[in-house]
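Structure below is work-v1.cif: mmCIF, C-alpha atoms.
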data_entry
loop_
_atom_site.label_atom_id
_atom_site.label_comp_id
_atom_site.auth_asym_id
_atom_site.auth_seq_id
_atom_site.Cartn_x
_atom_site.Cartn_y
_atom_site.Cartn_z
CA MET A 166 2.38 -10.14 -31.26
CA VAL A 167 4.55 -12.45 -29.20
CA LYS A 168 4.70 -11.52 -25.56
CA GLY A 169 7.95 -11.72 -23.67
CA VAL A 170 8.68 -13.42 -20.41
CA ALA A 171 6.49 -12.27 -17.53
CA LEU A 172 8.21 -10.01 -15.00
CA PHE A 173 7.66 -12.43 -12.14
CA GLU A 174 9.42 -15.22 -13.99
CA TYR A 175 12.16 -13.00 -15.33
CA LEU A 176 13.05 -11.28 -12.08
CA SER A 177 12.57 -14.02 -9.52
CA VAL A 178 15.34 -15.79 -7.71
CA PRO A 179 15.21 -18.70 -5.27
CA ALA A 180 13.79 -17.32 -2.04
CA PRO A 181 16.67 -17.28 0.42
CA ASP A 182 14.84 -16.67 3.60
CA LEU A 183 11.33 -17.89 3.25
CA PRO A 184 9.92 -18.49 6.71
CA ARG A 185 9.91 -22.21 7.23
CA ASP A 186 8.83 -22.32 10.81
CA THR A 187 9.99 -25.62 12.20
CA THR A 188 12.37 -26.45 9.42
CA ARG A 189 15.65 -28.23 9.67
CA ILE A 190 18.34 -29.34 7.32
CA THR A 191 19.26 -32.93 6.62
CA GLU A 192 21.63 -34.48 4.20
CA ALA A 193 20.80 -37.58 2.28
CA ASP A 194 22.71 -39.17 -0.53
CA GLY A 195 25.15 -36.33 -0.47
CA ASP A 196 22.53 -33.71 -1.13
CA THR A 197 21.07 -31.16 1.21
CA TYR A 198 17.42 -31.13 2.00
CA ASP A 199 15.23 -28.98 4.13
CA ASP A 200 13.21 -31.18 6.33
CA ASP A 201 10.25 -30.18 8.40
CA GLN A 202 9.80 -31.60 11.83
CA GLY A 203 6.28 -32.72 11.48
CA LEU A 204 6.25 -35.82 9.39
CA GLY A 205 9.78 -36.40 8.39
CA ARG A 206 8.89 -35.54 4.91
CA LEU A 207 11.76 -34.32 2.84
CA ALA A 208 11.53 -30.91 1.38
CA TYR A 209 13.23 -28.95 -1.35
CA PRO A 210 15.18 -31.72 -3.00
CA SER A 211 18.27 -30.31 -4.59
CA ARG A 212 17.82 -32.62 -7.48
CA SER A 213 14.64 -34.05 -8.83
CA ASP A 214 15.63 -37.37 -10.24
CA SER A 215 17.09 -39.07 -7.24
CA THR A 216 15.86 -41.65 -4.86
CA ILE A 217 16.61 -40.91 -1.29
CA LYS A 218 16.27 -42.49 2.05
CA THR A 219 16.37 -40.79 5.33
CA THR A 220 16.02 -41.97 8.86
CA ARG A 221 14.62 -39.81 11.56
CA ASP A 222 13.09 -40.41 14.91
CA GLY A 223 13.91 -44.03 14.57
CA GLU A 224 11.73 -44.43 11.54
CA THR A 225 12.78 -45.00 7.98
CA TYR A 226 11.13 -43.26 5.11
CA ASP A 227 11.59 -44.32 1.55
CA ASP A 228 10.79 -41.62 -0.88
CA ASP A 229 10.74 -42.35 -4.52
CA VAL A 230 11.29 -39.06 -6.19
CA GLY A 231 10.76 -39.92 -9.77
CA ALA A 232 9.44 -37.44 -12.21
CA LEU A 233 5.99 -37.66 -10.75
CA GLY A 234 6.98 -36.94 -7.25
CA LEU A 235 6.40 -38.77 -4.05
CA GLY A 236 5.97 -42.35 -5.04
CA LYS A 237 5.56 -43.98 -1.73
CA GLN A 238 6.21 -43.53 1.87
CA GLY A 239 6.46 -46.49 4.13
CA GLU A 240 6.53 -47.30 7.79
CA ALA A 241 5.43 -43.88 8.80
CA PHE A 242 5.29 -43.55 12.54
CA GLY A 243 6.04 -47.21 12.92
CA VAL A 244 2.43 -48.23 13.13
CA ALA A 245 0.93 -47.09 9.92
CA THR A 246 1.83 -47.58 6.34
CA TYR A 247 0.36 -45.76 3.49
CA SER A 248 1.27 -45.04 -0.04
CA THR A 249 0.63 -42.05 -2.17
CA ARG A 250 0.66 -41.38 -5.85
CA VAL A 251 0.89 -37.72 -6.54
CA ASP A 252 0.32 -38.13 -10.23
CA GLY A 253 -2.68 -40.38 -9.92
CA GLU A 254 -4.37 -38.52 -7.09
CA SER A 255 -4.66 -41.79 -5.22
CA TYR A 256 -3.99 -42.00 -1.53
CA ASP A 257 -4.20 -45.19 0.43
CA GLU A 258 -3.62 -45.17 4.11
CA ASP A 259 -3.62 -47.31 7.10
CA GLY A 260 -6.47 -46.34 9.38
CA SER A 261 -4.16 -45.84 12.29
CA LEU A 262 -3.16 -42.52 10.84
CA GLN A 263 -5.79 -39.85 11.27
CA SER A 264 -4.98 -38.99 7.91
CA LEU A 265 -4.77 -37.86 4.55
CA SER A 266 -7.91 -35.86 4.73
CA SER A 267 -7.73 -34.68 1.22
CA ALA A 268 -5.63 -34.49 -1.80
CA HIS A 269 -5.82 -32.64 -5.00
CA ARG A 270 -3.73 -31.86 -7.98
CA PHE A 271 -2.37 -28.47 -8.74
CA HIS A 272 0.99 -28.29 -10.33
CA GLU A 273 1.84 -31.41 -8.41
CA THR A 274 0.67 -29.67 -5.30
CA ARG A 275 -1.38 -31.22 -2.60
CA LEU A 276 -2.49 -30.56 0.90
CA THR A 277 -2.43 -33.35 3.39
CA LYS A 278 -3.53 -33.58 6.93
CA VAL A 279 -1.81 -36.15 9.01
CA ASP A 280 -2.11 -36.44 12.73
CA GLY A 281 -3.97 -33.21 12.91
CA GLU A 282 -1.24 -31.22 11.23
CA THR A 283 -1.52 -29.55 7.90
CA TYR A 284 1.22 -29.72 5.36
CA ASP A 285 1.73 -28.16 2.05
CA ASP A 286 3.51 -30.30 -0.47
CA GLN A 287 4.51 -28.95 -3.77
CA GLY A 288 6.99 -29.35 -6.53
CA LEU A 289 7.89 -32.97 -6.61
CA GLY A 290 5.77 -33.73 -3.67
CA LEU A 291 8.68 -33.54 -1.32
CA ARG A 292 8.31 -30.16 0.17
CA ALA A 293 6.41 -29.75 3.35
CA HIS A 294 5.44 -26.69 5.27
CA PRO A 295 4.27 -27.20 8.80
CA GLN A 296 1.61 -24.68 9.43
CA HIS A 297 2.53 -23.74 12.92
CA MET B 211 -5.52 -6.80 31.07
CA ARG B 212 -3.96 -9.37 28.80
CA PRO B 213 -3.19 -7.91 25.36
CA ILE B 214 -3.74 -9.64 22.03
CA ILE B 215 -1.07 -10.22 19.43
CA VAL B 216 -2.16 -11.44 16.04
CA GLY B 217 0.95 -13.19 14.86
CA ASP B 218 3.10 -16.25 14.75
CA PRO B 219 5.22 -17.41 17.71
CA THR B 220 8.07 -18.38 15.38
CA ASP B 221 8.23 -14.83 14.02
CA SER B 222 11.28 -13.11 15.53
CA HIS B 223 9.49 -9.78 15.72
CA VAL B 224 6.71 -11.34 17.77
CA ASP B 225 9.22 -13.26 19.83
CA HIS B 226 11.00 -10.03 20.79
CA VAL B 227 7.77 -8.47 21.93
CA LEU B 228 6.81 -11.53 23.96
CA ALA B 229 10.25 -11.55 25.57
CA ARG B 230 9.82 -7.91 26.51
CA TYR B 231 6.49 -8.64 28.14
CA ALA B 232 8.14 -11.42 30.14
CA GLU B 233 10.96 -9.09 31.22
CA LEU B 234 8.45 -6.57 32.47
CA GLY B 235 6.54 -9.24 34.35
CA ARG B 236 3.32 -8.43 32.56
CA PRO B 237 0.66 -10.95 31.58
CA ALA B 238 1.65 -12.84 28.46
CA PRO B 239 -0.36 -11.65 25.46
CA LEU B 240 -2.86 -13.92 23.83
CA LEU B 241 -1.11 -14.96 20.65
CA VAL B 242 -3.47 -15.81 17.88
CA ASP B 243 -3.29 -16.23 14.13
CA ALA B 244 -4.95 -18.37 11.48
CA PRO B 245 -2.76 -21.46 11.99
CA SER B 246 -3.12 -21.31 15.76
CA VAL B 247 -6.92 -21.31 15.63
CA MET B 248 -6.80 -23.97 12.96
CA HIS B 249 -4.92 -26.27 15.28
CA GLY B 250 -6.23 -25.10 18.63
CA ASN B 251 -9.48 -24.97 20.54
CA TYR B 252 -10.99 -21.58 20.07
CA ALA B 253 -14.17 -19.68 20.78
CA LEU B 254 -15.09 -16.22 19.58
CA THR B 255 -18.16 -14.33 20.69
CA LEU B 256 -18.96 -10.70 20.18
CA ASP B 257 -17.45 -10.04 23.59
CA GLU B 258 -14.42 -12.23 23.98
CA VAL B 259 -11.92 -14.45 22.25
CA ALA B 260 -10.54 -17.64 23.75
CA LEU B 261 -7.81 -19.88 22.46
CA ASP B 262 -6.79 -23.01 24.31
CA ASP B 263 -8.44 -21.75 27.49
CA VAL B 264 -6.80 -18.32 27.42
CA ARG B 265 -9.51 -15.68 27.27
CA VAL B 266 -9.44 -11.98 26.50
CA GLU B 267 -12.41 -9.67 26.62
CA LEU B 268 -12.65 -7.61 23.48
CA VAL B 269 -13.16 -4.35 25.28
CA SER B 270 -11.04 -1.36 26.10
CA PRO B 271 -8.55 -1.10 27.75
CA ALA B 272 -7.50 -4.36 26.10
CA ARG B 273 -4.80 -3.56 23.59
CA GLY B 274 -3.75 -5.39 20.47
CA TRP B 275 -0.98 -5.58 17.95
CA LEU B 276 -1.74 -6.90 14.52
CA ARG B 277 1.44 -8.32 13.08
CA ARG B 278 -0.03 -10.66 10.48
CA TYR B 279 -2.93 -13.05 10.08
CA ALA B 280 -0.73 -16.00 9.09
CA PRO B 281 2.90 -16.72 8.29
CA SER B 282 4.14 -15.80 4.86
CA MET B 283 3.12 -18.30 2.23
CA TRP B 284 0.55 -19.93 4.48
CA GLY B 285 -1.70 -21.89 2.18
CA ALA B 286 0.47 -21.15 -0.82
CA GLY B 287 -0.04 -23.65 -3.59
CA LEU B 288 -3.65 -24.38 -2.82
CA ARG B 289 -6.00 -24.44 -5.72
CA ALA B 290 -8.25 -21.42 -5.65
CA GLY B 291 -11.77 -22.44 -4.85
CA SER B 292 -10.82 -25.82 -3.45
CA LEU B 293 -12.17 -27.02 -0.15
CA GLU B 294 -8.78 -26.49 1.45
CA ALA B 295 -8.51 -22.95 0.15
CA VAL B 296 -12.01 -22.10 1.30
CA SER B 297 -11.28 -23.59 4.71
CA LEU B 298 -8.09 -21.59 5.13
CA ASN B 299 -9.83 -18.45 4.02
CA ALA B 300 -12.44 -19.05 6.71
CA PHE B 301 -9.70 -19.15 9.34
CA LEU B 302 -8.27 -15.93 7.97
CA ALA B 303 -11.72 -14.37 8.11
CA LEU B 304 -12.03 -15.48 11.72
CA ILE B 305 -8.82 -13.66 12.57
CA GLY B 306 -10.19 -10.68 10.72
CA SER B 307 -13.17 -10.73 13.05
CA VAL B 308 -10.92 -10.97 16.10
CA SER B 309 -9.19 -7.87 14.78
CA ARG B 310 -12.41 -5.91 14.39
CA LEU B 311 -14.77 -6.90 17.20
CA GLY B 312 -15.32 -4.95 20.35
CA SER B 313 -13.34 -1.94 21.43
CA VAL B 314 -9.81 -3.28 21.63
CA GLU B 315 -7.24 -0.54 21.17
CA TRP B 316 -5.19 -1.83 18.26
CA LEU B 317 -1.78 -0.35 17.59
CA THR B 318 -2.89 -0.25 13.99
CA PRO B 319 -6.53 -1.12 13.24
CA VAL B 320 -6.90 -3.81 10.65
CA ASP B 321 -8.54 -1.69 7.99
CA ARG B 322 -5.89 0.98 8.37
CA MET B 323 -3.27 -1.70 8.03
CA LEU B 324 -4.74 -3.06 4.84
CA ALA B 325 -4.95 0.41 3.32
CA GLY B 326 -1.46 1.22 4.60
CA GLU B 327 0.00 -1.70 2.69
CA ASP B 328 -1.03 -0.17 -0.62
CA ARG B 329 2.22 0.96 -2.23
CA LEU B 330 0.62 3.57 -4.44
CA TYR B 331 -1.57 4.96 -1.69
CA GLN B 332 1.51 5.35 0.52
CA LEU B 333 3.25 7.36 -2.18
CA ASP B 334 0.17 9.49 -2.75
CA VAL B 335 -0.13 10.26 0.95
CA ALA B 336 3.56 11.08 1.26
CA ARG B 337 3.50 13.32 -1.79
CA ARG B 338 0.51 15.24 -0.44
CA LEU B 339 2.54 15.87 2.68
CA GLY B 340 5.27 17.43 0.56
CA VAL B 341 7.61 14.47 0.84
CA ARG B 342 9.69 13.60 -2.18
CA VAL B 343 8.63 10.32 -3.78
CA PRO B 344 9.93 8.59 -6.90
CA ARG B 345 8.13 9.04 -10.21
CA THR B 346 5.96 5.97 -10.47
CA ILE B 347 3.85 4.14 -13.00
CA VAL B 348 2.03 0.84 -13.04
CA THR B 349 1.38 -0.20 -16.60
CA SER B 350 0.68 -3.16 -18.82
CA ARG B 351 3.04 -1.78 -21.46
CA ALA B 352 6.80 -1.54 -21.16
CA THR B 353 6.74 1.30 -23.69
CA ALA B 354 4.67 3.38 -21.28
CA ALA B 355 7.17 2.78 -18.50
CA VAL B 356 10.06 3.79 -20.75
CA ALA B 357 8.22 6.90 -21.87
CA GLU B 358 7.47 7.92 -18.28
CA LEU B 359 10.72 6.96 -16.60
CA GLY B 360 13.44 6.99 -19.22
CA PRO B 361 15.94 4.44 -20.46
CA THR B 362 16.42 2.71 -17.12
CA PHE B 363 14.01 2.27 -14.26
CA ILE B 364 13.20 0.16 -11.23
CA VAL B 365 10.51 -2.50 -11.12
CA LYS B 366 9.10 -4.30 -8.12
CA PRO B 367 5.92 -6.27 -7.44
CA LEU B 368 2.85 -4.20 -6.68
CA ALA B 369 1.92 -6.64 -3.93
CA GLY B 370 3.53 -9.86 -2.75
CA GLY B 371 6.95 -10.75 -4.06
CA TYR B 372 7.05 -14.42 -3.03
CA TYR B 373 5.53 -17.32 -4.90
CA LEU B 374 5.90 -21.04 -5.29
CA GLY B 375 7.72 -22.08 -8.42
CA ASP B 376 8.14 -25.58 -9.76
CA GLU B 377 11.44 -25.97 -7.93
CA GLY B 378 10.49 -24.23 -4.71
CA PRO B 379 9.77 -20.77 -3.36
CA ARG B 380 10.85 -17.79 -5.41
CA ALA B 381 11.33 -14.16 -4.50
CA VAL B 382 11.23 -11.02 -6.58
CA PHE B 383 13.26 -8.06 -5.35
CA SER B 384 13.45 -4.54 -6.67
CA SER B 385 15.38 -4.69 -9.93
CA GLN B 386 16.66 -2.26 -12.48
CA LEU B 387 15.71 -2.69 -16.11
CA ALA B 388 17.13 -1.07 -19.20
CA ALA B 389 14.68 -0.04 -21.89
CA GLN B 390 15.73 -2.68 -24.41
CA GLU B 391 15.49 -5.37 -21.76
CA ALA B 392 12.15 -4.06 -20.54
CA LEU B 393 10.70 -4.01 -24.04
CA SER B 394 11.38 -7.74 -24.36
CA LEU B 395 9.32 -8.54 -21.27
CA ASP B 396 5.62 -8.97 -20.67
CA PHE B 397 4.39 -6.21 -18.40
CA SER B 398 0.79 -7.31 -18.74
CA ALA B 399 1.12 -10.63 -16.90
CA ALA B 400 0.88 -9.02 -13.46
CA PRO B 401 0.98 -5.42 -12.22
CA PHE B 402 4.42 -4.22 -11.22
CA VAL B 403 5.44 -0.85 -9.88
CA ALA B 404 7.93 0.90 -12.13
CA GLN B 405 9.84 3.83 -10.67
CA GLU B 406 12.58 6.22 -11.57
CA VAL B 407 16.12 5.24 -10.63
CA ILE B 408 17.44 7.04 -7.58
CA ARG B 409 21.16 6.57 -7.10
CA ALA B 410 21.26 5.81 -3.42
CA LYS B 411 24.13 6.99 -1.28
CA THR B 412 22.44 5.83 1.87
CA HIS B 413 19.44 3.70 2.71
CA LEU B 414 17.33 4.73 5.65
CA ARG B 415 14.91 2.61 7.61
CA VAL B 416 12.64 4.54 9.88
CA VAL B 417 10.50 2.87 12.50
CA THR B 418 7.57 4.82 13.85
CA VAL B 419 5.44 4.04 16.86
CA GLY B 420 2.79 6.66 17.37
CA SER B 421 4.58 10.01 17.42
CA ASP B 422 8.01 8.51 18.04
CA ALA B 423 10.49 7.58 15.34
CA TRP B 424 13.87 5.91 15.14
CA VAL B 425 16.10 6.30 12.12
CA ALA B 426 18.80 3.85 11.04
CA SER B 427 21.11 4.17 8.05
CA LEU B 428 22.95 1.79 5.79
CA SER B 429 25.61 2.85 3.32
CA ALA B 430 24.66 1.96 -0.25
CA ASP B 431 28.29 1.29 -1.18
CA ASP B 432 28.83 -2.24 -2.45
CA ARG B 433 25.19 -3.12 -2.00
CA PRO B 434 22.81 -4.60 -4.51
CA LEU B 435 19.99 -2.34 -5.64
CA ASP B 436 17.75 -4.08 -3.12
CA TRP B 437 19.85 -4.31 0.01
CA ARG B 438 17.69 -7.13 1.35
CA GLN B 439 19.44 -9.46 -1.05
CA GLN B 440 22.72 -9.04 0.81
CA GLU B 441 22.83 -10.98 4.03
CA GLU B 442 25.41 -8.82 5.80
CA ALA B 443 23.39 -5.70 5.04
CA HIS B 444 20.76 -6.84 7.49
CA SER B 445 23.18 -6.41 10.39
CA GLU B 446 25.04 -3.28 9.30
CA TRP B 447 22.42 -0.68 10.08
CA ARG B 448 23.48 2.13 12.36
CA PRO B 449 21.21 4.43 14.34
CA VAL B 450 21.35 8.04 13.24
CA ARG B 451 19.79 11.25 14.46
CA ASP B 452 17.79 12.79 11.65
CA ILE B 453 14.96 14.84 13.06
CA ALA B 454 13.64 15.99 9.70
CA ILE B 455 13.26 12.48 8.39
CA ALA B 456 11.81 11.29 11.69
CA GLN B 457 9.19 14.04 11.60
CA GLN B 458 8.23 13.31 8.02
CA ALA B 459 8.03 9.59 8.76
CA VAL B 460 5.70 10.22 11.68
CA GLN B 461 3.55 12.47 9.51
CA ILE B 462 3.24 9.78 6.84
CA ALA B 463 2.34 7.12 9.40
CA ALA B 464 -0.21 9.40 11.02
CA ALA B 465 -1.78 10.27 7.68
CA LEU B 466 -2.09 6.57 6.91
CA GLY B 467 -3.47 5.90 10.38
CA VAL B 468 -0.89 3.26 11.23
CA GLY B 469 0.36 3.19 14.81
CA TYR B 470 3.49 1.34 13.79
CA SER B 471 5.45 1.46 10.58
CA SER B 472 8.75 0.41 9.15
CA GLN B 473 9.64 2.77 6.33
CA ASP B 474 12.28 2.68 3.63
CA TRP B 475 13.87 5.86 2.41
CA ILE B 476 16.71 6.53 0.00
CA VAL B 477 19.15 9.41 0.24
CA ASP B 478 20.88 10.67 -2.90
CA ASP B 479 22.57 13.94 -3.80
CA ALA B 480 19.19 15.66 -3.96
CA GLY B 481 18.08 14.59 -0.50
CA ALA B 482 15.80 11.97 0.96
CA THR B 483 13.07 10.14 -0.92
CA PHE B 484 10.32 8.10 0.68
CA VAL B 485 10.19 4.68 -1.00
CA ASP B 486 7.68 2.59 0.86
CA LEU B 487 6.21 1.65 4.20
CA ASN B 488 5.34 -1.61 5.86
CA PRO B 489 2.75 -1.33 8.63
CA GLY B 490 3.79 -4.71 10.00
CA GLY B 491 7.46 -4.80 9.09
CA GLU B 492 10.38 -5.53 11.31
CA PRO B 493 12.75 -2.88 12.62
CA PRO B 494 16.36 -3.03 11.40
CA ARG B 495 18.94 -4.84 13.48
CA VAL B 496 20.95 -2.03 15.04
#
With the file now loaded, output its structure as structure tokens.
Amino acid sequence: MVKGVALFEYLSVPAPDLPRDTTRITEADGDTYDDDQGLGRLAYPSRSDSTIKTTRDGETYDDDVGALGLGKQGEAFGVATYSTRVDGESYDEDGSLQSLSSAHRFHETRLTKVDGETYDDQGLGLRAHPQH
Amino acid sequence: MRPIIVGDPTDSHVDHVLARYAELGRPAPLLVDAPSVMHGNYALTLDEVALDDVRVELVSPARGWLRRYAPSMWGAGLRAGSLEAVSLNAFLALIGSVSRLGSVEWLTPVDRMLAGEDRLYQLDVARRLGVRVPRTIVTSRATAAVAELGPTFIVKPLAGGYYLGDEGPRAVFSSQLAAQEALSLDFSAAPFVAQEVIRAKTHLRVVTVGSDAWVASLSADDRPLDWRQQEEAHSEWRPVRDIAIAQQAVQIAAALGVGYSSQDWIVDDAGATFVDLNPGGEPPRV
């Protein structure tokens, strides 16, 4: 017997008012993004196949948002550079960041700790949730 | 003595309470939740809790309000059993201990709160008090829901309605299903509450604090089935005087042992029906 679509999938809609704590909106490349205030990481890309750049706090972040998510992030905090590969579970970092304490795969989801803050990245690796 | 609030400073409900304390010139409560201990300096003994050098003895007459252990979706997306998940669970357990130790007078004790969040238990308690509740079934088979509730019925998650999808956070609201539609869906993937359709004329939200209750109403005209989906509905509540509903709401809260509750009721041609209760929910904006 073939089962139908699960109720959660069938009934769900994009969450309109999920608590995002310190979340703000930015626009990049004509699209709207929700951006947390912790790392300048872009969140909730409105399209998944674009490459975007955003400047905040005087720093420039280049996010490659190819199909596998966050390709690289450069010049973070001006003093440290690190790159990430969501698909390959590989995280390289400059020691001047406290850092990426851990990373794991789960539906392209990972948890990172940078500068003592914890962030939840999911989807294409561009969504961040400051935890306080 | 400084009270304890288990909650998040960015939560508007908590913020209102903190503002009220400031207005009254009373000592600011110790605000603690899982993220705050995760990022702060804390110490918990069997006698006191301290966070970032603010200390509260866990003895009466210290009072506490348990809003929530962590913001919604905190830790969502973590792999079950991973180091990160285990670590976050430890912080949640720590807050659980804060909520249980000593003789703090909690508005709603933690174990009462957990039991009070059980949708089916709420309905059972209300029904035993003689309050009208919707016919309800939780089943793995759509056919059973149709047999119990008829050709159309309401479904809503048994527990949390938010989750992380591939494209971002998703929400599931109360929805109406027709039998044919329901029979094409998989009811066995996760437990949902299925209930009879009640054609609402008015929605009621009743807030109880101890033996006091406040009732607010919202016309059901031009609203979606779940009014929460309509932004303007959140600000169109009006206070009403309904002693009967207030009394029943207080009775339900007392039977559940919750010192605070935010309850949803529906009024149709047959009268008022208790729908559900949130022991940590926000009051309506009136």
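Nearest residue to Ser270 (chain B), choosing from B:Val348, B:Val314, B:Ile455, B:Leu228 and counting all atoms listed in the file: B:Val314.
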Tell me, in Å to one decimal, how far CA of Thr483 (chain B) is from CA of Ala381 (chain B).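 Pair CA of Thr483 (chain B) / CA of Ala381 (chain B) returns 24.6 Å.
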For Thr349 (chain B), please output as a PyMOL selection string all residues within 7 Å (counting only C-alpha atoms; exclusion window: fewer than 3 positions along the same chain). chain B and resi 354-355+397+401
Please write as a PyMOL selection string the full residue list that the PyMOL selection byres ((chain B) within 8 of (chain A)) yields on this file. chain B and resi 218+220+245-246+249+281-282+284-289+294+367+372+375-383+385+394-400+402
Which residues match the PyMOL selection byres ((chain B and resi 429) around 7) in the file above, as a list in words?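 Selected by the PyMOL selection byres ((chain B and resi 429) around 7) here: Lys411, Thr412, His413, Ser427, Leu428, Ala430 and Asp431 of chain B.
Here CA of Val450 (chain B) stands at a distance of 8.0 Å from CA of Trp424 (chain B).
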Expansion of the PyMOL selection byres ((chain B and resi 365) around 6) into residues, as a short mmCIF file (atom, residue, chain, number, x, y, z; two decimals) with C-alpha atoms, keeping the file's coordinate frame:
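Writing the result to selection_15.cif gives the following:
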data_model
loop_
_atom_site.label_atom_id
_atom_site.label_comp_id
_atom_site.auth_asym_id
_atom_site.auth_seq_id
_atom_site.Cartn_x
_atom_site.Cartn_y
_atom_site.Cartn_z
CA ILE B 364 13.20 0.16 -11.23
CA LYS B 366 9.10 -4.30 -8.12
CA SER B 384 13.45 -4.54 -6.67
CA SER B 385 15.38 -4.69 -9.93
CA VAL B 403 5.44 -0.85 -9.88
CA ALA B 404 7.93 0.90 -12.13
#
Gap from CA of Met248 (chain B) to CA of Ala272 (chain B) - Å, one decimal: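 Computing it gives 23.6 Å between the two atoms.
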Please provide the set of residues having any atom within 12 Å of Gly340 (chain B), restricted to all atoms listed in the file, with same-chain residues fewer than 5 positions apart removed, written as a PyMOL selection string. chain B and resi 333-335+458-459+461-462+482-484
Nearest-residue call for Pro219 (chain B), choices B:Pro237, B:Arg277, B:Leu261, B:Ala295, using only C-alpha atoms: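 The answer is B:Arg277, which sits nearest to Pro219 (chain B).
All residues of protein, DNA or RNA that reach within 9 Å of Ala303 (chain B), judged by only C-alpha atoms and not counting those fewer than 5 positions away in the chain, are Ala244, Leu298 and Val308 of chain B.
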